[in-house]
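Engineer: Provided below: start-v6.cif, containing mmCIF, C-alpha atoms.
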```
data_input
#
loop_
_atom_site.label_atom_id
_atom_site.label_comp_id
_atom_site.auth_asym_id
_atom_site.auth_seq_id
_atom_site.Cartn_x
_atom_site.Cartn_y
_atom_site.Cartn_z
CA MET A 1409 105.34 89.64 -78.41
CA ASN A 1410 106.72 92.75 -76.71
CA ILE A 1411 110.39 92.76 -75.75
CA ASN A 1412 112.27 95.03 -73.36
CA LEU A 1413 115.97 94.61 -74.00
CA LEU A 1414 118.06 95.82 -71.04
CA ILE A 1415 121.67 96.47 -72.10
CA PRO A 1416 123.81 98.34 -69.55
CA ASN A 1417 126.64 100.40 -71.10
CA LEU A 1418 125.46 100.11 -74.69
CA PHE A 1419 127.36 103.36 -75.27
CA TRP A 1420 130.95 104.05 -74.22
CA SER A 1421 130.79 106.57 -71.37
CA ASP A 1422 133.78 108.69 -72.46
CA THR A 1423 132.52 110.82 -75.36
CA SER A 1424 136.04 112.18 -75.90
CA GLN A 1425 136.86 108.81 -77.51
CA PRO A 1426 134.60 108.69 -80.60
CA GLU A 1427 137.19 106.53 -82.31
CA ILE A 1428 136.07 103.57 -80.20
CA TYR A 1429 133.17 103.16 -82.66
CA ASP A 1430 135.45 103.14 -85.71
CA GLY A 1431 135.07 100.00 -87.82
CA LEU A 1432 132.02 98.71 -85.97
CA LEU A 1433 129.38 97.74 -88.54
CA MET A 1434 126.16 98.15 -86.56
CA HIS A 1435 123.55 98.80 -89.25
CA SER A 1436 120.70 96.98 -87.50
CA LEU A 1437 121.30 98.62 -84.13
CA GLU A 1438 121.67 102.07 -85.71
CA THR A 1439 118.38 101.58 -87.56
CA LEU A 1440 116.55 100.52 -84.40
CA LEU A 1441 117.89 103.48 -82.43
CA SER A 1442 117.30 106.02 -85.21
CA LYS A 1443 113.75 105.10 -86.24
CA GLY A 1444 112.10 104.67 -82.84
CA PHE A 1445 110.91 106.99 -80.09
CA SER A 1446 113.59 107.87 -77.55
CA LYS A 1447 113.46 109.17 -73.98
CA THR A 1448 116.27 110.18 -71.63
CA ASN A 1449 116.09 109.51 -67.88
CA SER A 1450 118.38 109.85 -64.88
CA SER A 1451 121.18 107.31 -64.61
CA LEU A 1452 120.35 104.06 -62.85
CA GLU A 1453 122.49 101.06 -62.03
CA MET A 1454 121.08 97.85 -63.48
CA GLU A 1455 119.99 96.50 -60.08
CA ILE A 1456 118.10 99.69 -59.25
CA TRP A 1457 116.39 99.77 -62.65
CA LEU A 1458 115.27 96.17 -62.15
CA CYS A 1459 113.95 96.93 -58.66
CA LYS A 1460 111.87 99.78 -60.04
CA GLN A 1461 110.56 97.67 -62.91
CA PHE A 1462 109.37 95.09 -60.38
CA ASN A 1463 107.67 97.83 -58.35
CA LEU A 1464 109.99 97.48 -55.38
CA GLU A 1465 110.71 100.30 -52.97
CA GLN A 1466 113.72 101.26 -50.92
CA GLN A 1467 113.99 100.06 -47.34
CA HIS A 1468 115.59 102.56 -44.95
CA GLY A 1469 117.14 104.34 -47.92
CA ASN A 1470 118.56 101.18 -49.53
CA TRP A 1471 117.46 98.98 -52.40
CA PRO A 1472 116.81 95.50 -50.89
CA ILE A 1473 119.22 93.53 -53.08
CA ALA A 1474 120.47 91.22 -50.30
CA PRO A 1475 117.11 89.67 -49.27
CA LEU A 1476 116.14 89.28 -52.91
CA MET A 1477 119.38 87.45 -53.73
CA LEU A 1478 118.58 84.95 -50.98
CA HIS A 1479 115.97 83.51 -53.32
CA LEU A 1480 118.90 82.25 -55.38
CA ASP A 1481 121.58 81.71 -52.73
CA ALA A 1482 119.54 80.51 -49.69
CA PRO A 1483 115.93 79.80 -50.74
CA VAL A 1484 114.76 78.56 -47.34
CA LEU A 1485 115.96 81.71 -45.59
CA ALA A 1486 114.37 83.83 -48.31
CA LYS A 1487 110.98 82.53 -47.20
CA THR A 1488 111.43 82.27 -43.43
CA SER A 1489 113.98 84.78 -42.15
CA LYS A 1490 112.82 87.75 -40.05
CA ASP A 1491 116.27 89.34 -39.92
CA PHE A 1492 117.78 92.26 -41.82
CA TRP A 1493 120.25 91.19 -44.51
CA ILE A 1494 123.14 93.18 -46.00
CA ARG A 1495 125.41 92.15 -48.85
CA ALA A 1496 129.05 92.27 -47.74
CA ASP A 1497 130.85 91.16 -50.89
CA PRO A 1498 134.59 90.42 -51.01
CA VAL A 1499 136.57 93.10 -52.83
CA HIS A 1500 140.13 94.18 -53.54
CA LEU A 1501 141.14 97.71 -52.55
CA ARG A 1502 144.19 99.41 -54.02
CA ILE A 1503 145.69 102.71 -52.95
CA GLU A 1504 146.43 105.08 -55.84
CA GLN A 1505 147.92 108.40 -54.75
CA ASN A 1506 145.28 109.74 -52.35
CA HIS A 1507 142.50 107.48 -53.67
CA ILE A 1508 141.35 104.01 -52.67
CA MET A 1509 140.11 102.18 -55.75
CA LEU A 1510 137.79 99.16 -55.59
CA ALA A 1511 137.80 96.06 -57.77
CA ASP A 1512 134.98 93.54 -57.49
CA SER A 1513 135.04 89.78 -58.05
CA GLN A 1514 135.09 90.22 -61.82
CA SER A 1515 138.82 90.91 -61.30
CA PHE A 1516 139.60 87.81 -59.24
CA GLU A 1517 138.52 84.28 -58.51
CA ILE A 1518 137.80 83.00 -55.02
CA SER A 1519 137.19 79.35 -54.27
CA PRO A 1520 134.41 78.10 -51.96
CA GLU A 1521 137.12 76.86 -49.57
CA GLU A 1522 138.80 80.27 -49.43
CA ALA A 1523 135.49 82.03 -48.89
CA GLU A 1524 134.49 79.66 -46.12
CA GLN A 1525 137.81 80.02 -44.31
CA LEU A 1526 137.63 83.82 -44.46
CA ILE A 1527 134.02 83.85 -43.28
CA GLN A 1528 134.79 81.54 -40.36
CA ASP A 1529 137.56 83.84 -39.17
CA LEU A 1530 135.41 86.93 -39.61
CA ASN A 1531 132.71 85.38 -37.47
CA HIS A 1532 135.25 84.18 -34.90
CA ASN A 1533 136.77 87.62 -34.48
CA LEU A 1534 133.93 90.03 -35.26
CA GLY A 1535 130.66 88.14 -35.27
CA ASN A 1536 128.22 87.27 -32.50
CA GLN A 1537 124.74 85.82 -32.22
CA ASP A 1538 123.24 89.05 -33.60
CA PHE A 1539 125.89 89.72 -36.25
CA ILE A 1540 126.71 86.82 -38.56
CA PHE A 1541 128.73 86.67 -41.77
CA SER A 1542 127.69 84.11 -44.40
CA ALA A 1543 129.06 83.12 -47.80
CA PHE A 1544 126.22 81.34 -49.56
CA HIS A 1545 128.18 81.93 -52.77
CA PRO A 1546 131.97 82.50 -52.94
CA HIS A 1547 131.50 85.91 -54.58
CA ARG A 1548 128.39 86.93 -52.65
CA TRP A 1549 128.74 87.40 -48.91
CA TYR A 1550 126.08 88.49 -46.46
CA ILE A 1551 125.71 89.93 -42.96
CA ARG A 1552 122.63 89.05 -40.93
CA ILE A 1553 121.49 91.36 -38.12
CA PRO A 1554 118.18 91.49 -36.20
CA LYS A 1555 117.38 95.18 -36.82
CA ALA A 1556 117.85 97.55 -39.75
CA PRO A 1557 120.63 100.10 -39.20
CA GLU A 1558 120.11 103.76 -40.02
CA MET A 1559 122.58 103.70 -42.87
CA GLN A 1560 122.49 104.34 -46.60
CA THR A 1561 124.83 102.55 -49.00
CA HIS A 1562 125.81 102.52 -52.66
CA THR A 1563 125.55 99.45 -54.88
CA LEU A 1564 128.76 97.53 -55.50
CA SER A 1565 128.50 98.04 -59.26
CA HIS A 1566 128.28 101.80 -58.71
CA VAL A 1567 131.61 101.97 -56.83
CA THR A 1568 133.57 99.43 -58.87
CA CYS A 1569 136.72 101.05 -60.34
CA LYS A 1570 136.06 104.22 -58.37
CA ASN A 1571 137.44 106.01 -55.32
CA ILE A 1572 135.49 104.54 -52.42
CA ASN A 1573 136.05 107.64 -50.28
CA ASN A 1574 133.19 109.24 -52.19
CA PHE A 1575 130.77 106.37 -51.59
CA LEU A 1576 131.22 105.17 -48.00
CA PRO A 1577 128.02 104.48 -45.99
CA THR A 1578 126.21 107.49 -44.56
CA GLY A 1579 123.57 107.93 -41.88
CA LYS A 1580 123.21 107.81 -38.09
CA ASP A 1581 124.75 104.33 -37.73
CA SER A 1582 127.39 104.71 -40.43
CA SER A 1583 130.23 105.33 -37.93
CA ILE A 1584 129.63 101.86 -36.47
CA TRP A 1585 129.94 100.34 -39.90
CA HIS A 1586 133.05 102.34 -40.73
CA LYS A 1587 134.58 100.73 -37.64
CA ILE A 1588 133.51 97.25 -38.80
CA PHE A 1589 134.85 98.07 -42.25
CA ASN A 1590 138.28 98.91 -40.76
CA GLU A 1591 138.35 95.85 -38.48
CA VAL A 1592 137.58 93.57 -41.43
CA GLN A 1593 140.44 95.09 -43.41
CA MET A 1594 142.86 94.59 -40.52
CA LEU A 1595 141.83 90.95 -40.17
CA LEU A 1596 142.11 90.21 -43.88
CA HIS A 1597 145.40 92.05 -44.39
CA GLU A 1598 147.64 89.31 -42.99
CA HIS A 1599 145.24 86.40 -43.35
CA PRO A 1600 146.82 83.08 -44.46
CA VAL A 1601 144.38 82.85 -47.37
CA ASN A 1602 145.62 86.19 -48.69
CA GLN A 1603 149.25 85.32 -48.05
CA ALA A 1604 148.78 82.21 -50.18
CA ARG A 1605 146.97 84.20 -52.87
CA GLU A 1606 149.73 86.79 -52.96
CA SER A 1607 152.38 84.10 -53.30
CA ARG A 1608 150.52 82.81 -56.37
CA GLY A 1609 150.37 86.30 -57.86
CA GLU A 1610 146.61 86.64 -57.32
CA LEU A 1611 144.75 89.71 -56.07
CA ILE A 1612 144.18 89.55 -52.34
CA ILE A 1613 140.72 89.94 -50.83
CA ASN A 1614 141.44 92.74 -48.40
CA SER A 1615 137.99 94.16 -47.68
CA ILE A 1616 134.23 93.82 -48.03
CA TRP A 1617 131.66 96.21 -49.45
CA PRO A 1618 128.37 96.57 -47.49
CA TRP A 1619 125.33 97.37 -49.64
CA GLY A 1620 121.79 96.44 -50.61
CA GLY A 1621 120.33 95.91 -47.14
CA GLY A 1622 116.72 94.95 -46.48
CA ASN A 1623 114.18 92.61 -44.94
CA ILE A 1624 112.54 89.71 -46.73
CA ILE A 1625 109.90 90.87 -49.20
CA GLN A 1626 106.75 88.78 -49.01
CA SER A 1627 105.19 89.51 -52.38
CA ILE A 1628 106.62 90.63 -55.74
CA HIS A 1629 104.60 91.10 -58.90
CA SER A 1630 106.32 91.26 -62.26
CA PRO A 1631 105.13 93.37 -65.21
CA TYR A 1632 106.67 90.73 -67.48
CA THR A 1633 105.47 87.26 -68.39
CA HIS A 1634 108.96 85.98 -69.26
CA ALA A 1635 112.50 86.93 -68.22
CA TRP A 1636 115.60 85.83 -70.11
CA SER A 1637 118.99 86.46 -68.52
CA ASN A 1638 122.27 85.03 -67.26
CA ASN A 1639 122.38 87.73 -64.60
CA ASP A 1640 122.01 86.44 -61.03
CA PHE A 1641 119.93 89.33 -59.73
CA SER A 1642 117.47 89.05 -62.62
CA GLN A 1643 117.08 85.38 -61.81
CA SER A 1644 116.49 86.17 -58.13
CA LEU A 1645 113.72 88.61 -59.01
CA ALA A 1646 112.08 86.03 -61.25
CA LEU A 1647 112.29 83.44 -58.48
CA ALA A 1648 110.76 85.89 -56.00
CA ALA A 1649 107.88 86.81 -58.31
CA SER A 1650 105.08 84.30 -58.66
CA ASN A 1651 103.83 85.30 -62.11
CA ILE A 1652 106.91 85.13 -64.35
CA ASN A 1653 108.78 82.41 -66.24
CA TYR A 1654 112.58 82.56 -66.18
CA SER A 1655 115.12 81.08 -68.60
CA ASN A 1656 118.65 81.66 -69.79
CA PRO A 1657 118.82 83.70 -73.02
CA PRO A 1658 118.21 81.61 -76.15
CA THR A 1659 121.31 80.36 -77.94
CA ASP A 1660 119.58 80.78 -81.30
CA VAL A 1661 117.65 84.07 -81.32
CA ASN A 1662 116.17 83.41 -84.77
CA LYS A 1663 114.56 80.15 -83.64
CA TRP A 1664 113.35 81.78 -80.43
CA LEU A 1665 111.67 84.57 -82.38
CA GLN A 1666 109.96 82.02 -84.62
CA THR A 1667 108.18 80.48 -81.62
CA LYS A 1668 104.77 81.93 -80.90
CA ILE A 1669 105.42 82.96 -77.31
CA SER A 1670 103.15 85.88 -76.52
CA GLY A 1671 103.36 88.29 -73.62
CA ASN A 1672 105.87 90.82 -72.35
CA HIS A 1673 109.47 89.66 -72.34
CA LEU A 1674 112.43 91.06 -70.41
CA VAL A 1675 115.83 90.20 -71.88
CA VAL A 1676 118.91 91.23 -69.90
CA LEU A 1677 122.19 91.35 -71.84
CA ASP A 1678 124.98 92.56 -69.55
CA SER A 1679 128.12 91.47 -71.41
CA LEU A 1680 129.09 95.11 -72.08
CA ARG A 1681 128.92 96.09 -68.43
CA ASN A 1682 132.22 94.85 -67.03
CA PRO A 1683 134.38 95.79 -70.05
CA ALA A 1684 132.94 99.30 -69.78
CA LYS A 1685 133.55 99.62 -66.03
CA TYR A 1686 137.12 98.34 -66.32
CA LYS A 1687 137.79 100.44 -69.45
CA ASN A 1688 138.44 97.35 -71.58
CA ALA A 1689 137.79 98.89 -74.99
CA TYR A 1690 138.62 95.76 -76.98
CA GLY A 1691 136.34 93.55 -74.86
CA TRP A 1692 133.53 96.09 -75.09
CA ARG A 1693 133.81 96.37 -78.89
CA GLU A 1694 133.84 92.60 -79.36
CA ALA A 1695 130.80 92.13 -77.11
CA LEU A 1696 128.92 94.83 -79.02
CA ARG A 1697 129.90 93.30 -82.36
CA ASN A 1698 128.50 89.95 -81.22
CA MET A 1699 125.24 91.60 -80.15
CA GLU A 1700 124.77 93.08 -83.62
CA HIS A 1701 124.97 89.63 -85.21
CA ASN A 1702 123.20 87.61 -82.51
CA TRP A 1703 120.51 90.05 -81.36
CA PHE A 1704 120.03 93.32 -83.23
CA LEU A 1705 119.88 91.84 -86.73
CA PRO A 1706 117.39 89.07 -85.78
CA LEU A 1707 115.26 91.56 -83.82
CA TYR A 1708 115.24 94.06 -86.70
CA THR A 1709 114.10 91.28 -89.05
CA ALA A 1710 111.47 90.08 -86.57
CA ILE A 1711 110.00 93.59 -86.21
CA LYS A 1712 109.99 94.06 -89.97
CA ASN A 1713 108.13 90.74 -90.40
CA GLY A 1714 105.65 91.44 -87.64
CA LYS A 1715 106.97 88.78 -85.26
CA VAL A 1716 107.71 91.38 -82.57
CA ARG A 1717 105.05 94.00 -81.82
CA GLN A 1718 107.31 96.44 -79.95
CA LEU A 1719 110.96 96.44 -78.96
CA THR A 1720 112.26 98.72 -76.23
CA ILE A 1721 116.02 99.00 -75.79
CA THR A 1722 116.98 100.33 -72.36
CA THR A 1723 120.54 101.32 -71.60
CA SER A 1724 122.34 103.29 -68.92
CA ASN A 1725 125.80 104.45 -67.93
CA GLU A 1726 127.20 106.74 -65.23
CA ILE A 1727 125.62 109.85 -66.76
CA ALA A 1728 122.08 108.95 -67.86
CA SER A 1729 119.79 106.20 -69.06
CA HIS A 1730 117.88 106.01 -72.31
CA ASP A 1731 114.86 104.14 -73.71
CA PHE A 1732 114.46 103.51 -77.43
CA ALA A 1733 111.03 102.11 -78.39
CA ILE A 1734 110.35 100.89 -81.93
CA THR A 1735 107.45 99.22 -83.73
CA ARG A 1736 107.00 97.88 -87.25
CA SER A 1737 105.45 101.13 -88.51
CA ASP A 1738 108.47 103.10 -87.29
CA LEU A 1739 110.67 101.32 -89.83
CA TRP A 1740 108.74 103.12 -92.62
CA LYS A 1741 109.73 106.58 -91.37
CA PHE A 1742 111.86 107.30 -94.42
CA TRP A 1743 112.45 110.87 -93.27
CA LEU A 1744 114.43 109.60 -90.28
CA PHE A 1745 117.93 108.80 -91.49
CA ASN A 1746 120.17 106.31 -89.73
CA LYS A 1747 122.51 108.01 -87.31
CA PRO A 1748 125.87 106.55 -86.22
CA LEU A 1749 126.21 105.14 -82.74
CA PHE A 1750 128.36 108.02 -81.57
CA THR A 1751 125.51 110.44 -82.27
CA HIS A 1752 123.19 108.44 -80.03
CA SER A 1753 125.86 108.17 -77.35
CA ARG A 1754 126.05 111.96 -77.13
CA LYS A 1755 122.33 112.05 -76.30
CA ILE A 1756 122.80 109.82 -73.29
CA ASN A 1757 126.05 111.42 -72.17
#
```
The structure given in the file should be rewritten as structure tokens.
Structural biologist:
Amino acid sequence: MNINLLIPNLFWSDTSQPEIYDGLLMHSLETLLSKGFSKTNSSLEMEIWLCKQFNLEQQHGNWPIAPLMLHLDAPVLAKTSKDFWIRADPVHLRIEQNHIMLADSQSFEISPEEAEQLIQDLNHNLGNQDFIFSAFHPHRWYIRIPKAPEMQTHTLSHVTCKNINNFLPTGKDSSIWHKIFNEVQMLLHEHPVNQARESRGELIINSIWPWGGGNIIQSIHSPYTHAWSNNDFSQSLALAASNINYSNPPTDVNKWLQTKISGNHLVVLDSLRNPAKYKNAYGWREALRNMEHNWFLPLYTAIKNGKVRQLTITTSNEIASHDFAITRSDLWKFWLFNKPLFTHSRKIN
């Protein structure tokens, strides 16, 4: 069994806060990182890394997240549609001094009824037969158009908790989409759904974020035999690929490792991602502490006992990404001393 463990934001991105690692007992993780072979790469958002792993290419300068997500949100359209699809997810924008900061749906809840009402009004006021808003999932909205625009976008996860002025769409057709962007904000500003949300003390949904456009991809081949994840995009990729089995991560890692499942396994653990983006230090520390007990210790034991042939831990933040590959023989490298997590974080940052 070979395992590639994808863990976004395994290291805290602000290296000026080494105290965030204080009191974290991470012996198994530190051993795995210290004994294996490591390689630094350019920073990649999780969705982009997954696209590259599945040998996908950009379409018109964008990673085709939207058509791939249709495999989960609208399976029939994922197989039959000839249109160009763009994610247009609901977001909350907040003005801070001269910045406009974006919060994604991790910061708010939106009911199916609210999403449907907002989508209906967007279509009534802005849509037409060639430009249609859809909410196949309350947190995942789409725009369908017949032809790909000449426009490049940034992933939603890349702009979350950042000043959107630095990440607005670019390209020949971007001015058209800036106009749509503004019209959507004007419509949502005084919308009854948002008035009701505000009266309840909830964040209003005052904009959308366009990203991840592309046409339907006919064939995807996975380098993995199994994928284990609670992440929606990982599941969509597994559904789109014909040669991979997909499951939620095992609840008991020890029992899972005792099974004789051969092949190449992708395990996506993204519980550190949102606490890191929203600078929730306590939530990040607790999620990492749980990973040590639930994942790193069992994996260390499984490598030591020969149950796992090779483990690769892949992580990334805003600065860089890093791969740590370790095999059973690496554990015998007595000359390589365990290094604390903060030391490894400085490599990636």
Engineer: I need the residue set behind the PyMOL selection byres ((chain A and resi 1735-1737) around 7) for this file; please write it as a list of chain:residue names.
Structural biologist: A:Ile1711, A:Lys1712, A:Gly1714, A:Arg1717, A:Gln1718, A:Leu1719, A:Ile1734, A:Asp1738, A:Leu1739, A:Trp1740
Engineer: Dump C-alpha atoms for the selected residues as an mmCIF file, keeping the file's coordinate frame?
Structural biologist:
```cif
data_model
loop_
_atom_site.group_PDB
_atom_site.id
_atom_site.type_symbol
_atom_site.label_atom_id
_atom_site.label_comp_id
_atom_site.auth_asym_id
_atom_site.auth_seq_id
_atom_site.Cartn_x
_atom_site.Cartn_y
_atom_site.Cartn_z
ATOM 1 C CA ILE A 1711 110.000 93.590 -86.210
ATOM 2 C CA LYS A 1712 109.990 94.060 -89.970
ATOM 3 C CA GLY A 1714 105.650 91.440 -87.640
ATOM 4 C CA ARG A 1717 105.050 94.000 -81.820
ATOM 5 C CA GLN A 1718 107.310 96.440 -79.950
ATOM 6 C CA LEU A 1719 110.960 96.440 -78.960
ATOM 7 C CA ILE A 1734 110.350 100.890 -81.930
ATOM 8 C CA ASP A 1738 108.470 103.100 -87.290
ATOM 9 C CA LEU A 1739 110.670 101.320 -89.830
ATOM 10 C CA TRP A 1740 108.740 103.120 -92.620
#
```
Engineer: From the options A:Ile1411, A:Lys1447, A:Ile1473, A:Met1434, which residue's atoms come nearest to Ser1670 of chain A, counting only C-alpha atoms?
Structural biologist: A:Ile1411
Engineer: Counting only C-alpha atoms, what is within 9 Å of segment 1657-1666 of chain A, bar same-chain residues fewer than 2 positions away, as a ChimeraX atom specification?
Structural biologist: /A:1635-1638,1655,1668-1669,1675-1677,1702-1703,1706-1707,1710,1715-1716
Engineer: Can you list, as an MDAnalysis selection string, the residues that the PyMOL selection byres ((chain A and resi 1556) around 10) selects here?
Structural biologist: chainID A and resid 1467:1468 1491:1494 1552:1555 1557:1559 1581 1621:1623
Engineer: Kindly save the residues from that selection, with C-alpha atoms included, as a PDB file, in the frame of the given file.
Structural biologist:
```pdb
ATOM      1  CA  GLN A1467     113.990 100.060 -47.340  1.00  0.00           C
ATOM      2  CA  HIS A1468     115.590 102.560 -44.950  1.00  0.00           C
ATOM      3  CA  ASP A1491     116.270  89.340 -39.920  1.00  0.00           C
ATOM      4  CA  PHE A1492     117.780  92.260 -41.820  1.00  0.00           C
ATOM      5  CA  TRP A1493     120.250  91.190 -44.510  1.00  0.00           C
ATOM      6  CA  ILE A1494     123.140  93.180 -46.000  1.00  0.00           C
ATOM      7  CA  ARG A1552     122.630  89.050 -40.930  1.00  0.00           C
ATOM      8  CA  ILE A1553     121.490  91.360 -38.120  1.00  0.00           C
ATOM      9  CA  PRO A1554     118.180  91.490 -36.200  1.00  0.00           C
ATOM     10  CA  LYS A1555     117.380  95.180 -36.820  1.00  0.00           C
ATOM     11  CA  PRO A1557     120.630 100.100 -39.200  1.00  0.00           C
ATOM     12  CA  GLU A1558     120.110 103.760 -40.020  1.00  0.00           C
ATOM     13  CA  MET A1559     122.580 103.700 -42.870  1.00  0.00           C
ATOM     14  CA  ASP A1581     124.750 104.330 -37.730  1.00  0.00           C
ATOM     15  CA  GLY A1621     120.330  95.910 -47.140  1.00  0.00           C
ATOM     16  CA  GLY A1622     116.720  94.950 -46.480  1.00  0.00           C
ATOM     17  CA  ASN A1623     114.180  92.610 -44.940  1.00  0.00           C
TER      18      ASN A1623
END
```
Engineer: To one decimal place in Å, what is the distance between atom CA of Ile1721 of chain A and atom CA of Thr1448 of chain A?
Structural biologist: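 These atoms are spaced 11.9 Å apart.
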Engineer: Would you translate the PyMOL selection byres ((chain A and resi 1678) around 12) into the concrete set of residues it matches in this file, as JSON, numbers by chain?
Structural biologist: {"A": [1413, 1414, 1415, 1416, 1417, 1418, 1453, 1454, 1455, 1636, 1637, 1638, 1639, 1640, 1641, 1642, 1657, 1675, 1676, 1677, 1679, 1680, 1681, 1682, 1683, 1684, 1685, 1692, 1695, 1696, 1699, 1722, 1723, 1724]}
Engineer: Rounded to one decimal place, report the atom CA of Ser1644 of chain A-atom CA of Leu1476 of chain A distance in Å.
Structural biologist: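 Value for the atom CA of Ser1644 of chain A-atom CA of Leu1476 of chain A distance: 6.1 Å.
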Engineer: For His1547 of chain A, work out the shell of residues within 10 Å, counting only C-alpha atoms and skipping chain neighbours fewer than 6 positions away, then give it as a list in words.
Structural biologist: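 Once the adjacent positions are removed, what remains is Ala1496, Asp1497, Pro1498, Val1499, Asp1512, Ser1513, Gln1514, Phe1516, Glu1517, Ile1518, Ser1519, Pro1520 and Ala1523 of chain A.
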Engineer: Rounded to one decimal, what separation in Å do you get between atom CA of Asn1571 of chain A and atom CA of His1507 of chain A?
Structural biologist: 5.5 Å
Engineer: Of the candidates A:Ala1689, A:Leu1530, A:Ile1456, A:Ala1649, which shows the shortest atom-to-atom distance to Thr1563 of chain A, using all atoms listed in the file?
Structural biologist: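 Once distances to Thr1563 of chain A are computed over all atoms listed in the file, the minimum belongs to A:Ile1456.
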Engineer: Give the answer as one residue: which of A:Pro1472, A:Gly1579, A:Gly1535, A:Gly1620 has the shortest atom-to-atom distance to Ser1565 of chain A, using only C-alpha atoms?
Structural biologist: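 Under the stated criterion, the closest residue is A:Gly1620.
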Engineer: Which polymer residues have any atom within 10 Å of an atom of segment 1583-1588 of chain A, counting all atoms listed in the file, with same-chain residues fewer than 5 positions away left out, as a list of chain:residue names?
Structural biologist: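 Using all atoms listed in the file, the neighbours found are A:Leu1534, A:Pro1557, A:Met1559, A:Leu1576, A:Pro1577, A:Thr1578, A:Gln1593, A:Met1594, A:Ile1616, A:Pro1618.
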Engineer: Anything within 10 Å of (105.9, 92.3, -52.0): list those residues as a count of residues only, counting all atoms listed in the file and sticking to the file's coordinates.
Structural biologist: 12
Engineer: Can you patch up segment 1456-1468 of chain A, filling it in to N, CA and C atoms, and show the result as a CSV table (one decimal), in the coordinates of the input?
Structural biologist:
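This went into out.csv:
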```
chain,number,residue,atom,x,y,z
A,1456,ILE,N,119.1,98.7,-59.7
A,1456,ILE,CA,118.1,99.7,-59.2
A,1456,ILE,C,117.0,99.8,-60.3
A,1457,TRP,N,117.4,99.8,-61.6
A,1457,TRP,CA,116.4,99.8,-62.6
A,1457,TRP,C,115.5,98.5,-62.5
A,1458,LEU,N,116.1,97.4,-62.3
A,1458,LEU,CA,115.3,96.2,-62.2
A,1458,LEU,C,114.3,96.2,-60.9
A,1459,CYS,N,114.8,96.8,-59.8
A,1459,CYS,CA,114.0,96.9,-58.7
A,1459,CYS,C,112.7,97.8,-59.0
A,1460,LYS,N,113.0,98.9,-59.7
A,1460,LYS,CA,111.9,99.8,-60.0
A,1460,LYS,C,110.9,99.1,-61.0
A,1461,GLN,N,111.4,98.3,-62.0
A,1461,GLN,CA,110.6,97.7,-62.9
A,1461,GLN,C,109.7,96.7,-62.2
A,1462,PHE,N,110.2,96.1,-61.1
A,1462,PHE,CA,109.4,95.1,-60.4
A,1462,PHE,C,108.6,95.7,-59.2
A,1463,ASN,N,108.5,97.1,-59.3
A,1463,ASN,CA,107.7,97.8,-58.4
A,1463,ASN,C,108.1,97.7,-56.9
A,1464,LEU,N,109.4,97.6,-56.7
A,1464,LEU,CA,110.0,97.5,-55.4
A,1464,LEU,C,110.4,98.9,-54.9
A,1465,GLU,N,110.4,99.0,-53.6
A,1465,GLU,CA,110.7,100.3,-53.0
A,1465,GLU,C,111.9,100.2,-52.1
A,1466,GLN,N,112.6,101.3,-51.8
A,1466,GLN,CA,113.7,101.3,-50.9
A,1466,GLN,C,113.3,100.9,-49.5
A,1467,GLN,N,114.2,100.3,-48.8
A,1467,GLN,CA,114.0,100.1,-47.3
A,1467,GLN,C,115.1,100.8,-46.6
A,1468,HIS,N,114.6,101.8,-45.8
A,1468,HIS,CA,115.6,102.6,-45.0
A,1468,HIS,C,116.7,103.2,-45.8
```
